[in-house]
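For reference, entry.cif (mmCIF, C-alpha atoms and all ligand atoms):
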data_start
#
loop_
_atom_site.label_atom_id
_atom_site.label_comp_id
_atom_site.auth_asym_id
_atom_site.auth_seq_id
_atom_site.Cartn_x
_atom_site.Cartn_y
_atom_site.Cartn_z
CA MET B 1 -29.59 18.22 -57.75
CA LYS B 2 -30.35 19.69 -54.33
CA ILE B 3 -34.01 19.71 -53.33
CA LYS B 4 -35.25 23.15 -52.34
CA SER B 5 -38.31 24.26 -50.38
CA ILE B 6 -41.53 24.92 -52.28
CA LYS B 7 -42.15 28.42 -53.68
CA GLY B 8 -44.02 30.57 -51.19
CA THR B 9 -42.95 28.49 -48.18
CA HIS B 10 -40.25 29.44 -45.68
CA ASP B 11 -38.05 27.75 -43.13
CA LEU B 12 -37.94 29.36 -39.73
CA GLY B 13 -34.36 29.16 -38.53
CA PRO B 14 -33.30 28.99 -34.87
CA ASP B 15 -33.23 32.79 -34.42
CA GLU B 16 -36.67 33.23 -35.98
CA CYS B 17 -38.09 30.37 -33.91
CA LYS B 18 -37.00 32.18 -30.74
CA ASN B 19 -38.89 35.29 -31.80
CA TRP B 20 -41.92 33.29 -32.86
CA ARG B 21 -42.02 31.47 -29.55
CA GLN B 22 -41.82 34.73 -27.63
CA VAL B 23 -44.73 36.16 -29.63
CA GLU B 24 -46.72 32.92 -29.40
CA ASN B 25 -46.31 32.91 -25.61
CA ILE B 26 -47.56 36.49 -25.41
CA LEU B 27 -50.52 35.60 -27.63
CA HIS B 28 -51.47 32.53 -25.58
CA ASN B 29 -51.46 34.67 -22.45
CA PHE B 30 -53.34 37.53 -24.15
CA PHE B 31 -56.15 35.24 -25.31
CA GLU B 32 -56.38 33.35 -22.03
CA ILE B 33 -56.78 36.56 -19.98
CA HIS B 34 -59.65 37.50 -22.29
CA GLY B 35 -61.34 34.18 -21.50
CA TYR B 36 -60.61 32.44 -24.81
CA ASN B 37 -59.60 28.76 -24.86
CA GLU B 38 -57.24 27.20 -27.37
CA ILE B 39 -58.39 24.83 -30.08
CA ARG B 40 -56.18 22.84 -32.49
CA THR B 41 -57.85 21.35 -35.53
CA PRO B 42 -56.31 19.22 -38.32
CA ILE B 43 -54.55 20.87 -41.24
CA ILE B 44 -56.47 18.72 -43.74
CA GLU B 45 -60.25 18.84 -44.02
CA LYS B 46 -62.88 17.87 -46.58
CA SER B 47 -62.81 20.43 -49.44
CA ASP B 48 -66.53 20.75 -49.14
CA LEU B 49 -66.16 22.47 -45.76
CA PHE B 50 -64.45 25.41 -47.42
CA ASN B 51 -66.57 25.37 -50.58
CA ARG B 52 -69.66 25.76 -48.41
CA VAL B 53 -68.27 28.21 -45.87
CA ILE B 54 -65.97 30.56 -47.75
CA GLY B 55 -67.95 30.49 -50.99
CA ASP B 56 -67.08 28.79 -54.26
CA GLN B 57 -66.98 32.12 -56.09
CA THR B 58 -64.24 33.53 -53.87
CA ASP B 59 -60.58 33.60 -54.96
CA ILE B 60 -59.62 31.56 -51.90
CA VAL B 61 -61.72 28.56 -52.90
CA ASN B 62 -61.76 29.08 -56.63
CA LYS B 63 -58.10 29.66 -57.33
CA GLU B 64 -56.01 29.35 -54.20
CA MET B 65 -57.08 26.25 -52.30
CA TYR B 66 -54.77 23.24 -52.34
CA SER B 67 -57.17 20.37 -52.85
CA TRP B 68 -56.87 16.86 -54.24
CA ILE B 69 -58.79 13.62 -54.57
CA ASP B 70 -57.70 11.22 -51.85
CA HIS B 71 -57.34 7.46 -52.39
CA SER B 72 -60.78 7.08 -50.83
CA GLY B 73 -62.27 9.28 -53.56
CA ASP B 74 -62.93 12.17 -51.13
CA SER B 75 -61.87 15.64 -52.13
CA LEU B 76 -59.56 16.91 -49.36
CA ALA B 77 -57.93 20.30 -48.87
CA LEU B 78 -55.18 22.00 -46.91
CA ARG B 79 -57.04 24.55 -44.82
CA PRO B 80 -56.87 28.05 -46.33
CA GLU B 81 -58.12 29.56 -43.04
CA LEU B 82 -59.19 28.39 -39.58
CA THR B 83 -62.70 29.76 -39.08
CA ALA B 84 -64.41 26.96 -41.02
CA PRO B 85 -62.49 24.15 -39.22
CA THR B 86 -63.18 25.80 -35.85
CA VAL B 87 -66.91 25.93 -36.53
CA ARG B 88 -66.85 22.37 -37.90
CA SER B 89 -65.21 21.22 -34.67
CA PHE B 90 -67.61 23.29 -32.56
CA ILE B 91 -70.57 21.51 -34.15
CA GLN B 92 -68.99 18.05 -34.24
CA ASN B 93 -68.08 18.21 -30.54
CA SER B 94 -71.42 19.74 -29.48
CA MET B 95 -69.63 22.60 -27.76
CA ASP B 96 -72.88 24.58 -27.63
CA LYS B 97 -73.87 22.22 -24.78
CA LEU B 98 -70.90 23.43 -22.70
CA ARG B 99 -71.80 27.10 -22.39
CA LYS B 100 -73.94 29.74 -24.00
CA VAL B 101 -71.07 31.64 -25.58
CA ASN B 102 -68.01 29.64 -26.58
CA LYS B 103 -64.81 31.59 -26.97
CA LEU B 104 -62.02 29.85 -28.85
CA TYR B 105 -58.61 30.87 -30.17
CA TYR B 106 -56.05 29.24 -32.43
CA ILE B 107 -52.53 29.61 -33.77
CA GLY B 108 -51.48 27.47 -36.72
CA PRO B 109 -50.54 27.13 -40.39
CA ALA B 110 -52.84 27.83 -43.34
CA PHE B 111 -52.27 27.42 -47.08
CA ARG B 112 -53.24 29.47 -50.11
CA ARG B 113 -51.78 29.17 -53.59
CA GLU B 114 -51.30 32.90 -54.03
CA ARG B 115 -48.57 34.69 -55.98
CA PRO B 116 -45.80 34.91 -53.39
CA GLN B 117 -44.48 38.36 -52.47
CA LYS B 118 -43.38 40.20 -49.34
CA GLY B 119 -46.01 39.45 -46.69
CA ARG B 120 -47.76 36.85 -48.83
CA GLN B 121 -46.81 33.17 -48.67
CA ARG B 122 -48.37 29.93 -49.77
CA GLN B 123 -47.88 28.45 -46.33
CA PHE B 124 -48.47 31.09 -43.68
CA HIS B 125 -49.66 31.09 -40.09
CA GLN B 126 -52.74 32.60 -38.56
CA PHE B 127 -53.75 33.37 -35.01
CA GLY B 128 -57.29 34.36 -34.28
CA VAL B 129 -60.38 34.01 -32.18
CA GLU B 130 -63.94 32.86 -32.77
CA ALA B 131 -66.72 33.62 -30.28
CA ILE B 132 -69.80 31.56 -31.02
CA GLY B 133 -73.15 32.25 -29.37
CA SER B 134 -73.58 36.01 -28.92
CA GLU B 135 -75.43 38.21 -31.36
CA ASN B 136 -74.81 41.34 -29.32
CA PRO B 137 -72.71 44.32 -30.39
CA GLU B 138 -70.57 44.10 -27.23
CA GLN B 139 -69.19 40.87 -28.65
CA ASP B 140 -68.19 42.67 -31.85
CA ALA B 141 -66.59 45.45 -29.80
CA GLU B 142 -64.68 43.05 -27.53
CA ILE B 143 -63.06 41.21 -30.44
CA ILE B 144 -62.36 44.29 -32.55
CA ALA B 145 -60.72 45.92 -29.53
CA MET B 146 -58.70 42.76 -28.86
CA SER B 147 -57.42 42.70 -32.43
CA TYR B 148 -56.35 46.34 -32.19
CA ASN B 149 -54.92 46.10 -28.68
CA VAL B 150 -52.78 43.05 -29.40
CA TYR B 151 -50.79 45.05 -31.98
CA ASN B 152 -50.67 48.09 -29.76
CA MET B 153 -49.43 46.04 -26.82
CA LEU B 154 -46.70 44.46 -28.96
CA GLY B 155 -45.59 47.89 -30.19
CA VAL B 156 -46.67 47.83 -33.85
CA GLU B 157 -46.94 51.41 -35.08
CA ASN B 158 -49.01 53.29 -37.64
CA LEU B 159 -52.10 51.18 -37.09
CA SER B 160 -55.46 51.88 -38.66
CA LEU B 161 -58.74 50.11 -38.03
CA ILE B 162 -61.26 50.02 -40.87
CA LEU B 163 -64.87 49.20 -40.07
CA ASN B 164 -67.98 48.47 -42.10
CA SER B 165 -71.29 46.65 -41.97
CA VAL B 166 -72.51 44.46 -44.83
CA GLY B 167 -75.88 43.68 -43.25
CA SER B 168 -77.74 40.39 -43.41
CA LYS B 169 -77.89 37.97 -46.33
CA GLN B 170 -81.05 39.75 -47.52
CA THR B 171 -79.42 43.17 -47.28
CA LYS B 172 -76.42 41.92 -49.22
CA ALA B 173 -78.73 40.57 -51.94
CA LYS B 174 -80.64 43.86 -52.08
CA TYR B 175 -77.41 45.85 -52.29
CA SER B 176 -75.94 43.53 -54.96
CA LYS B 177 -78.79 44.53 -57.27
CA ILE B 178 -78.26 48.25 -56.60
CA LEU B 179 -74.52 47.90 -57.13
CA LYS B 180 -75.05 46.03 -60.40
CA GLN B 181 -77.35 48.75 -61.60
CA TYR B 182 -74.71 51.35 -60.84
CA LEU B 183 -71.89 49.35 -62.44
CA THR B 184 -73.81 48.60 -65.65
CA LYS B 185 -72.79 51.90 -67.16
CA TYR B 186 -69.12 51.16 -66.47
CA ILE B 187 -69.17 47.54 -67.59
CA ASN B 188 -66.78 48.14 -70.49
CA ASP B 189 -64.29 49.83 -68.17
CA LEU B 190 -64.14 46.84 -65.83
CA SER B 191 -61.40 44.20 -65.97
CA ARG B 192 -62.20 40.65 -67.10
CA VAL B 193 -62.12 39.46 -63.47
CA SER B 194 -64.52 42.18 -62.34
CA ARG B 195 -66.87 41.45 -65.25
CA GLU B 196 -66.96 37.83 -64.10
CA ARG B 197 -67.64 39.01 -60.53
CA PHE B 198 -70.35 41.30 -61.86
CA GLU B 199 -72.28 38.16 -62.82
CA LYS B 200 -71.44 35.87 -59.92
CA ASN B 201 -70.55 37.95 -56.86
CA PRO B 202 -70.74 41.71 -57.51
CA LEU B 203 -69.82 42.73 -53.94
CA ARG B 204 -66.33 41.38 -54.53
CA ILE B 205 -65.75 44.16 -57.08
CA LEU B 206 -65.59 46.58 -54.13
CA ASP B 207 -62.38 44.82 -53.12
CA THR B 208 -60.59 45.74 -56.38
CA LYS B 209 -56.97 46.88 -56.31
CA ILE B 210 -57.10 48.40 -59.85
CA ASP B 211 -56.85 52.22 -59.77
CA LYS B 212 -59.42 52.80 -62.49
CA GLU B 213 -61.95 50.55 -60.73
CA ILE B 214 -61.24 52.16 -57.36
CA GLU B 215 -62.27 55.47 -58.99
CA ILE B 216 -65.50 53.89 -60.23
CA ILE B 217 -66.50 52.32 -56.93
CA ARG B 218 -65.65 55.43 -54.94
CA GLU B 219 -68.90 56.92 -56.22
CA ALA B 220 -70.88 53.66 -55.90
CA PRO B 221 -73.99 53.59 -53.68
CA SER B 222 -73.16 52.67 -50.08
CA ILE B 223 -74.16 49.35 -48.55
CA LEU B 224 -74.68 51.27 -45.30
CA GLU B 225 -77.70 52.94 -46.91
CA CYS B 226 -79.26 49.49 -47.42
CA LEU B 227 -79.09 48.40 -43.77
CA ASP B 228 -82.45 48.03 -42.04
CA GLU B 229 -83.14 49.71 -38.68
CA ASN B 230 -81.87 46.80 -36.56
CA GLU B 231 -78.71 46.50 -38.61
CA LYS B 232 -78.07 50.24 -38.41
CA ASN B 233 -78.62 50.12 -34.66
CA HIS B 234 -76.22 47.24 -34.24
CA PHE B 235 -73.54 49.09 -36.19
CA LYS B 236 -74.11 52.29 -34.20
CA LYS B 237 -73.70 50.43 -30.92
CA VAL B 238 -70.48 48.74 -32.06
CA GLN B 239 -69.09 52.21 -32.84
CA ARG B 240 -70.30 53.58 -29.51
CA TYR B 241 -68.59 50.79 -27.59
CA LEU B 242 -65.36 51.19 -29.55
CA ASN B 243 -65.37 54.90 -28.80
CA LYS B 244 -65.78 54.12 -25.12
CA LEU B 245 -62.80 51.76 -25.34
CA ASN B 246 -60.74 54.49 -27.04
CA ILE B 247 -60.23 52.38 -30.15
CA PRO B 248 -59.82 54.71 -33.13
CA PHE B 249 -61.53 53.54 -36.34
CA LYS B 250 -62.58 54.72 -39.77
CA VAL B 251 -65.75 53.54 -41.50
CA ASP B 252 -65.18 52.43 -45.10
CA LYS B 253 -68.37 51.51 -46.95
CA ASN B 254 -66.37 49.43 -49.43
CA LEU B 255 -64.78 47.03 -46.94
CA VAL B 256 -66.44 43.73 -47.93
CA ARG B 257 -63.51 41.28 -47.38
CA GLY B 258 -62.67 38.25 -49.49
CA LEU B 259 -64.84 35.63 -47.80
CA ASP B 260 -68.58 35.27 -48.34
CA TYR B 261 -69.66 34.35 -44.81
CA TYR B 262 -69.81 37.80 -43.24
CA THR B 263 -73.01 39.40 -41.99
CA LEU B 264 -73.24 42.83 -40.30
CA THR B 265 -69.88 44.05 -38.97
CA THR B 266 -66.63 43.58 -40.93
CA PHE B 267 -63.24 45.05 -40.05
CA GLU B 268 -59.53 45.05 -40.78
CA VAL B 269 -56.48 46.32 -38.93
CA ARG B 270 -53.73 47.63 -41.20
CA THR B 271 -50.31 49.21 -40.78
CA SER B 272 -48.59 51.48 -43.24
CA ASN B 273 -45.25 49.90 -42.21
CA LEU B 274 -45.73 46.78 -44.34
CA GLY B 275 -46.00 48.02 -47.93
CA SER B 276 -48.66 46.63 -50.23
CA GLN B 277 -49.68 43.66 -48.02
CA ASP B 278 -50.78 46.00 -45.26
CA ALA B 279 -53.61 43.96 -43.72
CA LEU B 280 -52.49 42.69 -40.34
CA CYS B 281 -55.79 41.01 -39.57
CA GLY B 282 -59.42 40.92 -40.54
CA GLY B 283 -62.70 39.54 -39.38
CA GLY B 284 -66.29 40.17 -38.61
CA ARG B 285 -69.65 38.70 -37.76
CA TYR B 286 -70.89 35.52 -39.41
CA ASN B 287 -74.38 34.76 -38.15
CA ASN B 288 -75.34 32.11 -40.73
CA LEU B 289 -72.25 29.95 -40.82
CA VAL B 290 -72.94 27.57 -37.94
CA GLU B 291 -76.38 26.76 -39.31
CA ASN B 292 -75.06 26.43 -42.86
CA LEU B 293 -72.71 23.73 -41.62
CA GLY B 294 -75.54 21.78 -40.03
CA GLY B 295 -75.35 23.17 -36.49
CA ASN B 296 -78.07 24.99 -34.57
CA SER B 297 -78.64 28.55 -35.68
CA MET B 298 -76.02 30.55 -33.78
CA PRO B 299 -74.49 33.97 -34.21
CA ALA B 300 -70.71 34.29 -34.18
CA PHE B 301 -67.90 36.79 -34.46
CA GLY B 302 -64.15 36.38 -35.02
CA PHE B 303 -60.93 37.60 -36.52
CA ALA B 304 -57.73 36.09 -37.87
CA ALA B 305 -54.29 37.60 -38.26
CA GLY B 306 -51.14 36.71 -40.17
CA MET B 307 -48.24 35.70 -37.89
CA GLU B 308 -45.63 36.46 -40.56
CA ARG B 309 -46.99 39.97 -41.05
CA LEU B 310 -46.98 40.58 -37.32
CA LEU B 311 -43.39 39.37 -37.02
CA MET B 312 -42.38 41.54 -39.99
CA ALA B 313 -43.97 44.58 -38.35
CA LEU B 314 -42.19 43.84 -35.07
CA ASN B 315 -38.63 43.29 -36.24
CA LEU B 316 -37.50 41.58 -33.02
CA ASP B 317 -33.96 40.93 -31.89
CA SER B 318 -33.57 37.19 -31.35
CA GLN B 319 -30.62 37.76 -29.00
CA GLU B 320 -33.00 39.15 -26.42
CA ASN B 321 -34.94 35.90 -26.50
CA GLU B 322 -31.90 33.71 -26.00
CA ILE B 323 -31.63 31.85 -22.69
CA LYS B 324 -28.22 32.89 -21.44
CA THR B 325 -25.53 30.27 -21.02
CA SER B 326 -24.91 29.78 -17.33
CA VAL B 327 -22.07 27.30 -17.59
CA PHE B 328 -19.72 26.10 -20.34
CA ILE B 329 -17.68 22.97 -19.63
CA ILE B 330 -14.28 22.73 -21.27
CA SER B 331 -13.16 19.14 -21.47
CA VAL B 332 -9.93 17.72 -22.88
CA GLY B 333 -9.45 13.94 -23.11
CA GLU B 334 -11.70 10.90 -22.88
CA GLU B 335 -12.16 10.90 -19.08
CA ALA B 336 -12.84 14.64 -19.02
CA ILE B 337 -15.55 14.25 -21.68
CA LEU B 338 -17.16 11.50 -19.63
CA ASN B 339 -17.25 13.73 -16.55
CA ALA B 340 -18.41 16.75 -18.57
CA LEU B 341 -21.37 14.75 -19.87
CA LYS B 342 -22.26 13.78 -16.32
CA ILE B 343 -22.00 17.35 -14.96
CA CYS B 344 -24.05 18.71 -17.89
CA ASP B 345 -26.69 16.15 -17.15
CA SER B 346 -27.00 16.92 -13.45
CA LEU B 347 -26.83 20.72 -13.76
CA ARG B 348 -29.42 20.78 -16.55
CA ASN B 349 -31.84 18.30 -15.10
CA GLN B 350 -31.56 19.16 -11.42
CA LEU B 351 -31.03 22.92 -11.60
CA GLY B 352 -32.67 23.65 -14.97
CA ILE B 353 -29.86 25.92 -16.11
CA LYS B 354 -28.33 26.20 -19.58
CA VAL B 355 -25.09 24.21 -19.62
CA LEU B 356 -23.09 23.60 -22.78
CA MET B 357 -19.98 21.63 -23.68
CA ASP B 358 -17.98 21.10 -26.84
CA PHE B 359 -18.81 18.16 -29.10
CA SER B 360 -16.14 18.59 -31.74
CA ARG B 361 -13.13 17.65 -29.57
CA ALA B 362 -11.74 21.12 -30.22
CA SER B 363 -8.55 22.38 -28.53
CA PHE B 364 -8.63 23.95 -25.06
CA LYS B 365 -8.11 27.41 -26.60
CA SER B 366 -10.91 26.98 -29.07
CA GLN B 367 -13.28 25.78 -26.34
CA MET B 368 -12.44 28.85 -24.25
CA ARG B 369 -13.24 31.01 -27.29
CA GLN B 370 -16.62 29.29 -27.60
CA ALA B 371 -17.33 29.94 -23.90
CA ASN B 372 -16.50 33.62 -24.34
CA LYS B 373 -18.57 33.95 -27.48
CA LEU B 374 -21.57 32.51 -25.66
CA ASN B 375 -21.13 35.01 -22.82
CA SER B 376 -21.05 32.13 -20.34
CA GLU B 377 -21.31 33.14 -16.70
CA TYR B 378 -19.06 30.31 -15.52
CA VAL B 379 -16.62 27.93 -17.12
CA ILE B 380 -15.71 24.54 -15.67
CA ILE B 381 -12.30 23.39 -16.85
CA LEU B 382 -11.71 19.65 -16.97
CA GLY B 383 -8.21 19.24 -18.40
CA GLU B 384 -6.26 15.98 -18.40
CA GLU B 385 -4.23 17.17 -15.43
CA GLU B 386 -7.35 18.13 -13.40
CA ILE B 387 -9.00 14.81 -14.12
CA GLU B 388 -5.93 12.95 -12.89
CA ARG B 389 -6.36 14.78 -9.58
CA ASN B 390 -10.12 14.26 -9.64
CA VAL B 391 -10.88 18.00 -9.60
CA GLY B 392 -12.32 20.64 -11.88
CA VAL B 393 -11.60 24.38 -12.07
CA ILE B 394 -14.59 26.65 -11.69
CA LYS B 395 -14.02 30.08 -13.20
CA THR B 396 -16.32 33.11 -12.86
CA MET B 397 -16.03 34.80 -16.23
CA SER B 398 -16.92 38.35 -15.17
CA SER B 399 -14.21 38.58 -12.50
CA GLY B 400 -11.76 35.99 -13.76
CA GLU B 401 -11.70 34.45 -10.26
CA GLN B 402 -11.22 30.70 -10.20
CA PHE B 403 -10.85 27.84 -7.74
CA GLU B 404 -10.54 24.10 -7.78
CA ALA B 405 -13.28 21.81 -6.52
CA PRO B 406 -13.45 18.00 -6.27
CA LEU B 407 -15.46 16.63 -9.21
CA ASP B 408 -18.21 15.26 -7.01
CA THR B 409 -18.80 18.64 -5.29
CA ILE B 410 -19.07 20.75 -8.44
CA HIS B 411 -22.80 20.21 -8.58
CA LYS B 412 -23.20 21.46 -5.00
CA HIS B 413 -21.37 24.71 -5.78
CA PHE B 414 -23.85 25.57 -8.52
CA ASP B 415 -26.76 24.41 -6.43
CA VAL B 416 -25.92 27.15 -3.91
CA GLU B 417 -25.12 29.70 -6.64
CA PHE B 418 -28.30 29.27 -8.65
CA ASN B 419 -30.71 28.65 -5.82
CA GLU B 420 -29.50 31.83 -4.13
CA ASP B 421 -30.14 33.70 -7.37
CA LYS B 422 -33.74 32.56 -7.39
P1 LIG B 501 -58.32 36.73 -44.14
O1 LIG B 501 -58.46 38.22 -44.29
O2 LIG B 501 -58.43 35.93 -45.38
O3 LIG B 501 -59.43 36.29 -43.10
O4 LIG B 501 -56.94 36.41 -43.43
C1 LIG B 501 -56.61 36.98 -42.20
C2 LIG B 501 -55.15 37.43 -42.19
O5 LIG B 501 -54.29 36.35 -42.55
C3 LIG B 501 -54.80 38.54 -43.19
O6 LIG B 501 -55.13 39.80 -42.70
C4 LIG B 501 -53.29 38.35 -43.32
O7 LIG B 501 -52.61 38.99 -42.25
C5 LIG B 501 -53.12 36.84 -43.18
N1 LIG B 501 -52.96 36.21 -44.50
C6 LIG B 501 -53.93 35.83 -45.35
N2 LIG B 501 -53.41 35.28 -46.47
C7 LIG B 501 -52.06 35.32 -46.31
C8 LIG B 501 -50.94 34.90 -47.10
N3 LIG B 501 -51.10 34.29 -48.28
N4 LIG B 501 -49.69 35.09 -46.60
C9 LIG B 501 -49.52 35.67 -45.40
N5 LIG B 501 -50.52 36.09 -44.61
C10 LIG B 501 -51.78 35.91 -45.05
C11 LIG B 501 -59.62 35.01 -42.68
O8 LIG B 501 -58.86 34.11 -42.91
C12 LIG B 501 -60.86 34.83 -41.83
N6 LIG B 501 -60.92 33.41 -41.41
C13 LIG B 501 -60.84 35.76 -40.64
C14 LIG B 501 -62.00 35.56 -39.70
C15 LIG B 501 -61.99 34.86 -38.54
N7 LIG B 501 -63.23 36.00 -39.88
C16 LIG B 501 -63.99 35.61 -38.86
N8 LIG B 501 -63.24 34.90 -38.06
#
Written as structure tokens, how would this file's structure read?
Amino acid sequence: MKIKSIKGTHDLGPDECKNWRQVENILHNFFEIHGYNEIRTPIIEKSDLFNRVIGDQTDIVNKEMYSWIDHSGDSLALRPELTAPTVRSFIQNSMDKLRKVNKLYYIGPAFRRERPQKGRQRQFHQFGVEAIGSENPEQDAEIIAMSYNVYNMLGVENLSLILNSVGSKQTKAKYSKILKQYLTKYINDLSRVSRERFEKNPLRILDTKIDKEIEIIREAPSILECLDENEKNHFKKVQRYLNKLNIPFKVDKNLVRGLDYYTLTTFEVRTSNLGSQDALCGGGRYNNLVENLGGNSMPAFGFAAGMERLLMALNLDSQENEIKTSVFIISVGEEAILNALKICDSLRNQLGIKVLMDFSRASFKSQMRQANKLNSEYVIILGEEEIERNVGVIKTMSSGEQFEAPLDTIHKHFDVEFNEDK
């Protein structure tokens, strides 16, 4: 029986890899010009990192995390997100000693055992940023604007930015009580999952996707009413800065997000082009996380985005990302192949151009077809007869012009051709 890939995981074929690389390059540049530096952390971590950071009553940790007991007896996990590992690394490497505000970005795989569907995989990839050290609203505004602008710049349409503030830990606790009071009268109308959340983590009910529950929470008291003066002020300033940056947003009092670490601002960018999995990215402030993981008390703000969802929204043409074939070498016979290998080697390594030859010992005609199909700029013909005379034929494909050149001068011809082009 053939072995197939695991449900919810995908191969990226050569065409997709070209598109991914193009987008990754743009992202690296985008983050660098904003002053963010790349970090790469391991894919496996201690499970405890995520239990403590994301919250053991969240779906991500409770139901979706791939974790197992290692031979050493430690519980390990495949990372379901990259914020916790980034903060773990920040603390472990004492990055707070480097500068007051540390700005980091990442691109890499994450794993969640969710029910696979369009836009939702079990292995997916996230890119995102984490800025650790600033409690100020300009930091919120910078990152929210970045998350919106990156999609705009790449040409994703029908974007919407949803904004909320969940306040401090104390505010969340105060609001949880008020929300529970409100929901008590609807308890029999709630699903089993929401009734469980009612006991353990009532805020998560605001995230429901069930129509009947959406109706109920529409009328629920607003967390924004529970914010204290400082928290209200912070939220007002974030909105003021976003307005100044011309970033359109909508406040939604029910945006709580599926991870427990948020304090104050939360946000998501969505697009109506993606169907039900419409969240392109999400993030917010998390002022308690660094301390909770044993670091010094430090405010932080970040966002993460799904690569697959971005690529789906972009629908790129891989052909445009193909390096064009400069030269195709047609070789017939043992000696010709030997010389073709040598010419490939020198043109590629000394001129850095894309040079291809045939490896299936196909007929002359078939090799010419390959050269045409690849839209090669030039073809070098090394037939048995040419090799006997120690020459090759160089043909310009666009004009059909061709001439013979001694084998050991072929390299020079392209040296002139491609260096002049530069
Ligand atoms: P999150 O909302 O859980 O936040 O994930 C961020 C993004 O990752 C989502 O908006 C979505 O595009 C993508 N994503 C999540 N799960 C899947 C999946 N199963 N398949 C495909 N794409 C998926 C976080 O992970 C937080 N760490 C964000 C953050 C960073 N907050 C502060 N800093």
- For atom CA of Arg40 of chain B and atom CA of Asp96 of chain B, determine how far apart the two atoms are, in Å to one decimal place.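 Distance between the two atoms: 17.5 Å.
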- Pick the closest to Ile60 of chain B from B:Gly302, B:Pro202, B:Gly258, B:Gly333: which is it, counting only C-alpha atoms?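 The answer is B:Gly258, which sits nearest to Ile60 of chain B.
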- With all atoms listed in the file as the basis for distance, which of B:Val290, B:Leu179, B:Ala131, B:Val355 is at the shortest distance from ligand LIG 501 (chain B)?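 Closest to ligand LIG 501 (chain B) of all the choices is B:Ala131.
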- Task: Could you please determine the separation between atom CA of Ser276 of chain B and atom N4 of ligand LIG 501 (chain B) in Å, to one decimal place?
- Result: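 Taking atom CA of Ser276 of chain B and atom N4 of ligand LIG 501 (chain B), their separation equals 12.1 Å.
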Determine, using only C-alpha atoms and all ligand atoms, which residues of chain B have any atom at most 9 Å from an atom of ligand LIG 501 (chain B), and tabulate each with its shortest atom pair and distance in Å to one decimal place, rows ordered by chain and then rising number, as a tab-separated table.
residue	atom	partner	partner_atom	distance
B:Gly8	CA	B:LIG501	N3	8.5
B:Ile54	CA	B:LIG501	N6	8.6
B:Ile60	CA	B:LIG501	O2	7.9
B:Pro80	CA	B:LIG501	O8	7.2
B:Glu81	CA	B:LIG501	O8	4.6
B:Leu82	CA	B:LIG501	N6	5.6
B:Thr83	CA	B:LIG501	N6	4.7
B:Ala84	CA	B:LIG501	N6	7.3
B:Ala110	CA	B:LIG501	C7	8.1
B:Phe111	CA	B:LIG501	N3	7.1
B:Arg112	CA	B:LIG501	N3	5.6
B:Arg113	CA	B:LIG501	N3	7.4
B:Glu114	CA	B:LIG501	N3	5.9
B:Arg115	CA	B:LIG501	N3	8.1
B:Pro116	CA	B:LIG501	N3	7.4
B:Gln117	CA	B:LIG501	N4	8.5
B:Lys118	CA	B:LIG501	N4	8.6
B:Gly119	CA	B:LIG501	C9	5.3
B:Arg120	CA	B:LIG501	N4	3.4
B:Gln121	CA	B:LIG501	N4	4.0
B:Arg122	CA	B:LIG501	N3	5.4
B:Gln123	CA	B:LIG501	N4	6.9
B:Phe124	CA	B:LIG501	C9	5.0
B:His125	CA	B:LIG501	N5	6.8
B:Gln126	CA	B:LIG501	O5	5.7
B:Phe127	CA	B:LIG501	O5	8.1
B:Gly128	CA	B:LIG501	C15	6.4
B:Val129	CA	B:LIG501	N8	6.6
B:Glu130	CA	B:LIG501	N8	5.7
B:Ala131	CA	B:LIG501	N8	8.6
B:Arg257	CA	B:LIG501	O1	6.7
B:Gly258	CA	B:LIG501	O2	6.3
B:Leu259	CA	B:LIG501	O2	6.9
B:Tyr261	CA	B:LIG501	N7	8.3
B:Tyr262	CA	B:LIG501	N7	7.6
B:Thr266	CA	B:LIG501	N7	8.4
B:Glu268	CA	B:LIG501	O6	7.1
B:Val269	CA	B:LIG501	O6	7.7
B:Arg270	CA	B:LIG501	O6	8.1
B:Gln277	CA	B:LIG501	C4	8.0
B:Asp278	CA	B:LIG501	O7	7.8
B:Ala279	CA	B:LIG501	O6	4.5
B:Leu280	CA	B:LIG501	O7	4.2
B:Cys281	CA	B:LIG501	O6	3.4
B:Gly282	CA	B:LIG501	O1	4.7
B:Gly283	CA	B:LIG501	N7	3.6
B:Gly284	CA	B:LIG501	C16	5.1
B:Arg285	CA	B:LIG501	C16	6.5
B:Tyr286	CA	B:LIG501	C16	6.9
B:Ala300	CA	B:LIG501	C16	8.3
B:Phe301	CA	B:LIG501	C16	6.0
B:Gly302	CA	B:LIG501	N8	3.5
B:Phe303	CA	B:LIG501	C15	3.6
B:Ala304	CA	B:LIG501	C13	4.2
B:Ala305	CA	B:LIG501	C2	4.0
B:Gly306	CA	B:LIG501	O7	3.4
B:Met307	CA	B:LIG501	O7	7.0
B:Glu308	CA	B:LIG501	C9	6.3
B:Arg309	CA	B:LIG501	O7	5.8
B:Leu310	CA	B:LIG501	O7	7.7
- Task: Please identify all polymer residues within 8 Å of Val61 of chain B, counting only C-alpha atoms, omitting same-chain residues fewer than 6 positions from it, and present them as a count of residues only.
- Result: 4
With only C-alpha atoms as the counted atoms, please give the residues lying no more than 10 Å from Val23 of chain B, apart from itself and same-chain residues fewer than 5 positions off, as a compact mmCIF listing (two decimals) with C-alpha atoms, in the frame of the given file.
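Everything below was put into selection_38.txt:
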# COMPACT_ATOMS: atom_id res chain seq x y z
CA CYS B 17 -38.09 30.37 -33.91
CA LYS B 18 -37.00 32.18 -30.74
CA HIS B 28 -51.47 32.53 -25.58
CA ASN B 29 -51.46 34.67 -22.45
CA LEU B 154 -46.70 44.46 -28.96
CA MET B 307 -48.24 35.70 -37.89
CA LEU B 310 -46.98 40.58 -37.32
CA LEU B 311 -43.39 39.37 -37.02
CA LEU B 314 -42.19 43.84 -35.07
CA LEU B 316 -37.50 41.58 -33.02
